[in-house]
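Source file work_3.txt; content: compact mmCIF, C-alpha atoms and all ligand atoms.
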# COMPACT_ATOMS: atom_id res chain seq x y z
CA MET A 30 33.17 -6.98 -27.31
CA SER A 31 33.78 -3.61 -28.94
CA ASP A 32 31.40 -0.67 -28.52
CA SER A 33 30.30 -0.77 -32.16
CA THR A 34 29.50 -4.51 -31.91
CA LYS A 35 27.53 -3.92 -28.73
CA ARG A 36 25.65 -1.10 -30.40
CA ARG A 37 24.85 -3.19 -33.46
CA ARG A 38 23.62 -6.01 -31.26
CA LEU A 39 21.37 -3.66 -29.28
CA LEU A 40 19.91 -2.24 -32.49
CA ASP A 41 19.36 -5.76 -33.88
CA GLU A 42 17.51 -6.73 -30.72
CA LEU A 43 15.41 -3.60 -31.01
CA ASP A 44 14.50 -4.54 -34.59
CA GLU A 45 13.62 -8.03 -33.42
CA ILE A 46 11.24 -6.66 -30.77
CA ASN A 47 9.59 -4.45 -33.39
CA THR A 48 9.11 -7.44 -35.68
CA ILE A 49 7.56 -9.55 -32.92
CA VAL A 50 5.18 -6.76 -31.94
CA GLU A 51 4.16 -6.14 -35.55
CA SER A 52 3.45 -9.82 -36.21
CA ASN A 53 1.32 -9.98 -33.05
CA SER A 54 -0.65 -6.93 -34.21
CA SER A 55 -1.38 -8.54 -37.57
CA GLN A 56 -2.64 -11.68 -35.82
CA GLN A 57 -5.06 -9.58 -33.80
CA LEU A 58 -6.45 -8.02 -36.96
CA GLU A 59 -7.95 -11.37 -37.92
CA LEU A 60 -10.50 -10.86 -35.15
CA SER A 61 -12.12 -8.02 -37.05
CA ASP A 62 -14.25 -10.44 -39.12
CA GLU A 63 -17.72 -8.90 -39.52
CA ASN A 64 -19.40 -12.16 -38.46
CA ILE A 65 -17.65 -12.14 -35.14
CA ILE A 66 -18.54 -9.97 -32.18
CA SER A 67 -15.40 -9.67 -30.15
CA THR A 68 -16.05 -8.79 -26.50
CA THR A 69 -13.84 -7.46 -23.76
CA CYS A 70 -14.51 -8.00 -20.09
CA SER A 71 -13.08 -5.74 -17.41
CA ILE A 72 -13.15 -6.49 -13.71
CA SER A 73 -12.40 -3.83 -11.14
CA SER A 74 -13.31 -2.28 -7.84
CA ALA A 75 -15.06 1.05 -8.15
CA ASP A 76 -17.11 3.47 -6.11
CA LEU A 77 -20.25 3.25 -8.24
CA MET A 78 -22.62 4.39 -5.53
CA ASN A 79 -20.60 7.52 -4.76
CA ASN A 80 -20.89 6.73 -1.09
CA SER A 81 -17.51 5.15 -0.46
CA ILE A 82 -18.96 1.64 -0.45
CA SER A 83 -16.46 -0.40 -2.38
CA THR A 84 -18.09 -2.31 -5.18
CA THR A 85 -16.70 -4.84 -7.59
CA THR A 86 -17.88 -4.81 -11.18
CA VAL A 87 -17.57 -6.92 -14.27
CA THR A 88 -18.21 -4.93 -17.42
CA VAL A 89 -18.55 -6.62 -20.78
CA GLN A 90 -17.95 -4.50 -23.84
CA CYS A 91 -17.65 -5.00 -27.55
CA PRO A 92 -16.35 -2.76 -30.33
CA GLU A 93 -18.49 0.18 -31.28
CA SER A 94 -19.01 -1.05 -34.82
CA ALA A 95 -20.50 -4.36 -33.69
CA VAL A 96 -22.72 -2.66 -31.15
CA ASN A 97 -23.89 -0.12 -33.67
CA TYR A 98 -24.84 -2.95 -35.95
CA VAL A 99 -26.83 -4.70 -33.23
CA HIS A 100 -28.58 -1.51 -32.30
CA GLN A 101 -29.03 -0.37 -35.89
CA GLN A 102 -26.95 2.70 -35.21
CA GLU A 103 -29.55 4.23 -32.91
CA GLU A 104 -27.02 5.02 -30.23
CA GLN A 105 -23.44 4.33 -29.38
CA ILE A 106 -23.61 1.82 -26.59
CA VAL A 107 -20.46 0.01 -25.69
CA SER A 108 -21.24 -1.68 -22.38
CA HIS A 109 -23.28 -4.86 -22.66
CA ARG A 110 -23.54 -6.03 -19.12
CA ILE A 111 -22.46 -4.77 -15.77
CA TYR A 112 -22.53 -7.21 -12.88
CA TRP A 113 -21.82 -5.78 -9.49
CA GLY A 114 -22.00 -6.33 -5.75
CA TYR A 115 -21.91 -4.13 -2.67
CA LYS A 116 -18.67 -5.66 -1.52
CA LYS A 117 -16.02 -8.06 -2.64
CA PRO A 118 -17.29 -11.59 -1.98
CA LEU A 119 -15.08 -14.07 -0.14
CA ASP A 120 -15.18 -16.39 -3.13
CA SER A 121 -14.79 -14.77 -6.55
CA ASN A 122 -16.81 -17.58 -8.15
CA GLU A 123 -19.87 -16.32 -6.30
CA PHE A 124 -19.40 -13.04 -8.12
CA LEU A 125 -18.54 -14.50 -11.54
CA THR A 126 -21.28 -17.14 -11.87
CA ASP A 127 -23.84 -15.06 -13.81
CA PHE A 128 -21.19 -13.69 -16.13
CA CYS A 129 -19.72 -17.15 -16.83
CA GLU A 130 -23.15 -18.63 -17.56
CA GLU A 131 -24.10 -15.86 -19.93
CA ILE A 132 -20.84 -15.65 -21.84
CA THR A 133 -20.77 -19.47 -22.17
CA ASN A 134 -24.24 -19.37 -23.70
CA LEU A 135 -23.22 -16.60 -26.10
CA ILE A 136 -20.02 -18.37 -27.15
CA ASN A 137 -21.84 -21.67 -27.72
CA ASN A 138 -24.89 -20.29 -29.50
CA GLY A 139 -23.85 -16.91 -30.87
CA ILE A 140 -26.26 -14.00 -30.93
CA GLN A 141 -29.19 -13.69 -33.32
CA PHE A 142 -30.94 -10.55 -34.46
CA LYS A 143 -33.23 -9.45 -37.25
CA ILE A 144 -31.76 -7.48 -40.09
CA ASP A 145 -35.19 -7.01 -41.69
CA ASN A 146 -38.68 -8.60 -41.46
CA GLN A 147 -37.58 -11.92 -42.94
CA ASN A 148 -33.92 -12.39 -42.27
CA VAL A 149 -32.20 -13.27 -39.07
CA VAL A 150 -28.46 -13.25 -38.84
CA THR A 151 -26.36 -15.16 -36.31
CA LYS A 152 -23.10 -13.67 -35.17
CA LYS A 153 -20.41 -15.64 -33.43
CA VAL A 154 -19.36 -14.20 -30.07
CA ILE A 155 -15.84 -14.51 -28.73
CA LEU A 156 -14.39 -13.32 -25.47
CA ASP A 157 -11.25 -11.59 -26.66
CA THR A 158 -9.71 -10.14 -23.52
CA ILE A 159 -10.22 -9.84 -19.79
CA VAL A 160 -8.82 -6.62 -18.36
CA CYS A 161 -7.94 -6.41 -14.68
CA ASP A 162 -5.41 -4.66 -12.51
CA SER A 163 -3.11 -6.96 -10.56
CA PRO A 164 -5.16 -7.26 -7.33
CA ALA A 165 -8.36 -7.97 -9.30
CA LYS A 166 -6.55 -10.54 -11.40
CA SER A 167 -5.25 -12.47 -8.40
CA PHE A 168 -8.73 -12.25 -6.85
CA VAL A 169 -10.58 -13.77 -9.79
CA LEU A 170 -7.89 -16.33 -10.60
CA LYS A 171 -7.43 -17.30 -6.93
CA ILE A 172 -3.68 -16.99 -7.17
CA LYS A 173 -0.98 -15.39 -5.01
CA GLY A 174 -0.73 -11.59 -5.13
CA HIS A 175 1.67 -9.77 -7.43
CA VAL A 176 4.34 -9.23 -4.77
CA ARG A 177 4.77 -12.94 -4.00
CA PHE A 178 7.53 -15.30 -5.15
CA PHE A 179 5.45 -17.31 -7.61
CA SER A 180 3.16 -14.53 -8.75
CA CYS A 181 4.00 -14.20 -12.45
CA THR A 182 0.88 -15.09 -14.39
CA LYS A 183 2.71 -15.76 -17.66
CA CYS A 184 5.58 -18.03 -16.57
CA GLU A 185 6.65 -20.22 -13.66
CA THR A 186 9.61 -18.13 -12.59
CA GLU A 187 10.44 -17.86 -8.90
CA GLY A 188 11.19 -14.40 -7.51
CA GLN A 189 14.41 -13.63 -5.67
CA TYR A 190 15.20 -11.00 -3.07
CA MET A 191 17.92 -8.70 -4.41
CA ARG A 192 18.83 -5.45 -2.66
CA ASN A 193 15.73 -5.70 -0.48
CA ARG A 194 13.43 -6.05 -3.45
CA LEU A 195 11.61 -8.94 -4.99
CA CYS A 196 13.00 -9.38 -8.50
CA PHE A 197 12.32 -11.79 -11.33
CA PRO A 198 15.68 -11.98 -13.12
CA LYS A 199 15.03 -15.15 -15.13
CA ILE A 200 13.82 -14.44 -18.62
CA ASN A 201 13.53 -18.00 -19.92
CA ALA A 202 11.35 -19.69 -17.29
CA LEU A 203 8.79 -22.29 -18.32
CA LYS A 204 5.68 -20.61 -19.69
CA ARG A 205 2.35 -21.25 -18.04
CA THR A 206 -0.31 -22.92 -20.13
CA HIS A 207 -4.04 -23.33 -19.74
CA GLU A 208 -3.54 -27.00 -18.82
CA SER A 209 -0.72 -26.40 -16.35
CA PHE A 210 -2.86 -23.76 -14.64
CA LYS A 211 -5.93 -25.97 -14.56
CA ASN A 212 -3.96 -28.86 -13.06
CA LYS A 213 -2.21 -26.56 -10.58
CA LEU A 214 1.17 -27.93 -11.66
CA GLN A 215 2.92 -25.17 -9.75
CA GLU A 216 1.05 -25.31 -6.47
CA GLN A 217 2.81 -22.28 -4.98
CA HIS A 218 1.17 -20.05 -7.60
CA HIS A 219 -2.33 -20.87 -6.36
CA LEU A 220 -4.04 -19.96 -3.12
CA THR A 221 -4.34 -22.96 -0.85
CA ASN A 222 -7.65 -24.69 -0.13
CA THR A 223 -9.59 -22.97 -2.87
CA THR A 224 -11.64 -24.25 -5.76
CA MET A 225 -10.70 -23.46 -9.35
CA THR A 226 -11.96 -20.20 -10.84
CA GLU A 227 -15.09 -20.65 -12.92
CA LEU A 228 -13.49 -18.67 -15.73
CA ILE A 229 -11.52 -21.79 -16.62
CA TYR A 230 -14.70 -23.52 -17.82
CA ILE A 231 -15.64 -20.84 -20.37
CA PRO A 232 -15.41 -22.55 -23.79
CA THR A 233 -12.36 -21.78 -25.97
CA LEU A 234 -10.88 -19.58 -23.27
CA ASP A 235 -7.14 -19.80 -22.63
CA ILE A 236 -6.82 -18.70 -19.03
CA ILE A 237 -3.21 -17.52 -19.52
CA GLN A 238 -3.59 -15.62 -22.79
CA ILE A 239 -7.01 -14.08 -22.13
CA PHE A 240 -5.72 -11.58 -19.55
CA SER A 241 -4.12 -8.45 -20.91
CA LEU A 242 -1.13 -7.07 -19.06
CA ASP A 243 -1.86 -4.12 -16.79
CA TYR A 244 0.29 -1.58 -18.63
CA MET A 245 -0.66 1.39 -16.47
CA HIS A 246 0.92 -0.12 -13.37
CA LEU A 247 3.55 -2.25 -15.10
CA CYS A 248 4.87 0.37 -17.55
CA CYS A 249 3.76 3.90 -16.74
CA LEU A 250 3.83 3.77 -12.95
CA GLY A 251 6.25 0.84 -12.85
CA VAL A 252 9.25 0.67 -15.16
CA ILE A 253 9.13 4.21 -16.56
CA LYS A 254 8.77 5.84 -13.18
CA LYS A 255 11.60 3.65 -11.90
CA LEU A 256 13.86 4.66 -14.80
CA VAL A 257 13.25 8.37 -14.20
CA CYS A 258 13.89 7.84 -10.50
CA LEU A 259 17.23 6.12 -11.24
CA TRP A 260 18.35 8.88 -13.61
CA LEU A 261 17.42 11.68 -11.25
CA SER A 262 18.43 10.45 -7.82
CA LYS A 263 18.48 6.81 -6.86
CA GLY A 264 20.69 5.21 -9.52
CA SER A 265 24.37 4.30 -9.17
CA LYS A 266 27.01 6.78 -10.33
CA ASN A 267 27.11 5.61 -13.94
CA ILE A 268 23.33 5.96 -14.28
CA ARG A 269 22.58 9.10 -12.27
CA LEU A 270 22.53 12.41 -14.13
CA SER A 271 24.49 15.41 -12.91
CA ARG A 272 22.64 18.48 -11.62
CA GLN A 273 23.55 20.27 -14.84
CA GLN A 274 22.10 17.45 -16.97
CA ILE A 275 18.91 17.37 -14.90
CA ASN A 276 18.48 21.12 -15.34
CA GLU A 277 19.02 20.78 -19.08
CA LEU A 278 16.53 17.92 -19.29
CA ASN A 279 14.01 19.86 -17.25
CA ALA A 280 14.34 22.94 -19.45
CA LEU A 281 13.92 20.88 -22.62
CA HIS A 282 10.89 19.12 -21.15
CA LEU A 283 9.16 22.34 -20.12
CA SER A 284 9.96 23.95 -23.47
CA LEU A 285 7.62 21.44 -25.11
CA ARG A 286 4.57 22.63 -23.16
CA ASN A 287 3.48 24.95 -25.97
CA TYR A 288 3.64 22.17 -28.51
CA VAL A 289 1.47 19.65 -26.67
CA THR A 290 -2.07 19.86 -27.96
CA ASN A 291 -5.29 19.48 -25.99
CA ASP A 292 -5.54 15.87 -27.18
CA PHE A 293 -3.33 15.08 -24.22
CA PRO A 294 -4.88 15.38 -20.76
CA ARG A 295 -1.84 17.09 -19.23
CA LYS A 296 1.02 19.29 -20.34
CA PRO A 297 4.62 18.37 -19.47
CA ARG A 298 5.54 19.55 -16.00
CA SER A 299 8.77 19.77 -14.07
CA LEU A 300 10.84 16.67 -13.46
CA ASP A 301 11.14 17.82 -9.85
CA GLU A 302 7.51 16.74 -9.49
CA PHE A 303 7.87 13.40 -11.25
CA SER A 304 6.93 11.45 -8.09
CA ASN A 305 3.46 13.02 -8.41
CA TRP A 306 3.08 12.51 -12.14
CA LYS A 307 -0.04 10.68 -13.27
CA ALA A 308 0.17 7.64 -15.51
CA THR A 309 -0.83 9.76 -18.53
CA GLU A 310 2.16 12.05 -17.93
CA PHE A 311 4.55 9.09 -17.97
CA ARG A 312 2.81 7.90 -21.11
CA LEU A 313 3.31 11.26 -22.81
CA PHE A 314 6.94 11.23 -21.68
CA VAL A 315 7.81 7.75 -22.90
CA LEU A 316 5.94 7.90 -26.20
CA TYR A 317 6.37 11.50 -27.34
CA THR A 318 8.54 13.93 -25.40
CA GLY A 319 11.14 11.54 -23.90
CA PRO A 320 12.65 10.21 -27.15
CA VAL A 321 13.35 13.78 -28.31
CA ILE A 322 14.76 15.33 -25.17
CA LEU A 323 16.58 12.31 -23.72
CA LYS A 324 18.67 11.88 -26.85
CA LYS A 325 20.42 15.12 -25.98
CA VAL A 326 21.12 14.24 -22.36
CA LEU A 327 21.45 10.47 -21.79
CA ASN A 328 24.48 8.54 -22.95
CA GLU A 329 23.93 6.08 -25.78
CA LYS A 330 23.58 2.99 -23.60
CA LEU A 331 20.94 4.56 -21.34
CA TYR A 332 19.13 6.04 -24.31
CA LEU A 333 18.89 2.67 -26.07
CA ASN A 334 17.72 1.09 -22.85
CA PHE A 335 14.92 3.68 -22.76
CA LEU A 336 14.08 2.96 -26.42
CA TYR A 337 13.64 -0.73 -25.61
CA MET A 338 10.94 0.18 -23.14
CA ARG A 339 9.37 2.66 -25.52
CA THR A 340 9.20 0.12 -28.33
CA LEU A 341 7.39 -2.34 -26.12
CA LYS A 342 5.09 0.24 -24.60
CA LYS A 343 4.16 1.88 -27.89
CA ASN A 344 2.14 -1.21 -28.70
CA CYS A 345 0.35 -1.58 -25.39
ZN ZN B 401 6.97 -14.39 -16.04

Before anything else, please render the file you have as structure tokens.
Amino acid sequence: MSDSTKRRRLLDELDEINTIVESNSSQQLELSDENIISTTCSISSADLMNNSISTTTVTVQCPESAVNYVHQQEEQIVSHRIYWGYKKPLDSNEFLTDFCEEITNLINNGIQFKIDNQNVVTKKVILDTIVCDSPAKSFVLKIKGHVRFFSCTKCETEGQYMRNRLCFPKINALKRTHESFKNKLQEQHHLTNTTMTELIYIPTLDIIQIFSLDYMHLCCLGVIKKLVCLWLSKGSKNIRLSRQQINELNALHLSLRNYVTNDFPRKPRSLDEFSNWKATEFRLFVLYTGPVILKKVLNEKLYLNFLYMRTLKKNC
């Protein structure tokens, strides 16, 4: 295949990704119906007591506009419920019971409130998304951790060890569905001798689709950090940049410091420190600074490879 054909194919694929992402975004817009209160639930471990006791919390939130409506714009409250415990329970169901009961009631019956002395309005409540990092997700779903062979929560692919790393090279594995999860059709994905998570019984919930992907670890501190690492030091000869190219890239990156406004938590800093970069710095790099400076340093193939990642991440 000639270089120009390869290039055209890469650009076509990039267009295709953009189209898929855009169509998904327009589907999500349908949720903004004013008669629907769309809620988000996040589950995480946090030091709420400021005394190093690890606590696990479930926070339920809904969009500001809906909350303002409920509270007649008295104050901007976004958190609806916080459930917590002093430590992680052995069984996640013990921790989720109150949340599951309450959200089931809200989904079945909606929420009613007075709009004036005579009129009561009922709003439908939906649980739109559950947000967890990978360890919290495997805890609440009672599945194998994210470094195990059958850990993918979206498809039934089996990991393989390649160059001393667990990889998931298959891109067309059978997708998981709510039913296949509920019936434990791939046993190796689930922890042994455990009951099913109570989340599965929440009405209308699709246990596979309801969880958002953890983009901070997957993209910022995962793929992007890995790409930078390969360019700077660990990649094979055809991927690694020369010292001269690294210096050029570094200079270009630092030259943008004056043009990064205070809207961003951190200014660009040296690539020599990339192993200590925070997730927000990788985010700034992949979405804003990287596309400009990398075009001048990376070859076309590597640059397009980076743009693939950027296109996907832009919509996270
Ligand atoms: Zn998968």

Ligand ZN 401 (chain B): which residues are within 6 Å, counting all atoms listed in the file? Reply as a count of residues only. 4

Please list as a compact mmCIF listing (two decimals) with C-alpha atoms, keeping the file's coordinate frame every residue within 7 Å of range 121-124 of chain A, counting only C-alpha atoms and excluding residues in the same chain fewer than 6 positions away.
# COMPACT_ATOMS: atom_id res chain seq x y z
CA PHE A 168 -8.73 -12.25 -6.85
CA VAL A 169 -10.58 -13.77 -9.79
CA THR A 226 -11.96 -20.20 -10.84
CA GLU A 227 -15.09 -20.65 -12.92

Considering all atoms listed in the file, return as a PyMOL selection string whatever protein or nucleic-acid residues lie within 12 Å of Asn134 in chain A, sequence-local ones (same chain, fewer than 2 positions apart) excluded. chain A and resi 127-132+136-140+153-156+230-232

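Using all atoms listed in the file, the nearest neighbour of Leu270 in chain A within the list A:Cys249, A:Leu170, A:Leu256, A:Val321 is A:Leu256.
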
Restricting the calculation to only C-alpha atoms, which member of A:Pro294, A:Lys173, A:Phe314, A:Phe178 is positioned closest to Thr221 in chain A? A:Lys173

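Rounded to one decimal, CA of Arg205 in chain A and CA of Gln189 in chain A lie 18.9 Å from each other.
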
For Leu119 in chain A, the closest of A:Thr133, A:Thr223, A:Gln238, A:Gln147 counting all atoms listed in the file is A:Thr223

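Minimum distance to Ala202 in chain A across A:Gln217, A:Thr340, A:Thr182, A:Thr68 (counting all atoms listed in the file) occurs at A:Thr182.
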
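Shell of Arg298 in chain A at 10 Å, with only C-alpha atoms counted and residues fewer than 3 places along the chain excluded, is A:Asn279, A:His282, A:Leu283, A:Ser284, A:Leu285, A:Arg286, A:Arg295, A:Asp301, A:Glu302, A:Phe303, A:Trp306, A:Glu310.
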
Quick one: pull the distance between CA of Cys161 in chain A and CA of Asn193 in chain A, Å, one decimal. 27.6 Å

With all atoms of range 166-179 of chain A from the file as input, state the centre and edge lengths in Å to one decimal of the axis-aligned box that has 3 Å extra on each side, as JSON.
{"center_x": -1.5, "center_y": -13.3, "center_z": -7.7, "size_x": 24.1, "size_y": 14.1, "size_z": 13.4}

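Straight-line separation from CA of Tyr317 in chain A to CA of Leu331 in chain A: 17.2 Å.
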
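Once Trp260 in chain A and its same-chain neighbours fewer than 6 positions away are set aside, A:Ile253, A:Lys254, A:Lys266, A:Asn267, A:Ile268, A:Arg269, A:Leu270, A:Ser271, A:Arg272, A:Gln274, A:Ile275, A:Leu278, A:Leu300, A:Phe303, A:Leu323, A:Val326, A:Leu327, A:Asn328, A:Leu331, A:Tyr332, A:Phe335 remain within 12 Å of it when counting all atoms listed in the file.
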
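The closest residue to Ser73 in chain A, picked from A:Thr126, A:Asp243, A:Asp292, A:Val150 and counting all atoms listed in the file, is A:Asp243.
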
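Counting all atoms listed in the file and comparing A:His246, A:Thr69, A:Lys325, A:Gly264, the residue that lies closest to Ala308 in chain A is A:His246.
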
List the neighbours of Phe293 in chain A out to 10 Å using only C-alpha atoms; skip same-chain residues closer than 6 positions along the sequence, and give me the result as an mmCIF file with C-alpha atoms, in the coordinates of the input.
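The resulting selection.cif:
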data_model
loop_
_atom_site.group_PDB
_atom_site.id
_atom_site.type_symbol
_atom_site.label_atom_id
_atom_site.label_comp_id
_atom_site.auth_asym_id
_atom_site.auth_seq_id
_atom_site.Cartn_x
_atom_site.Cartn_y
_atom_site.Cartn_z
ATOM 1 C CA THR A 309 -0.830 9.760 -18.530
ATOM 2 C CA GLU A 310 2.160 12.050 -17.930
ATOM 3 C CA ARG A 312 2.810 7.900 -21.110
ATOM 4 C CA LEU A 313 3.310 11.260 -22.810
#
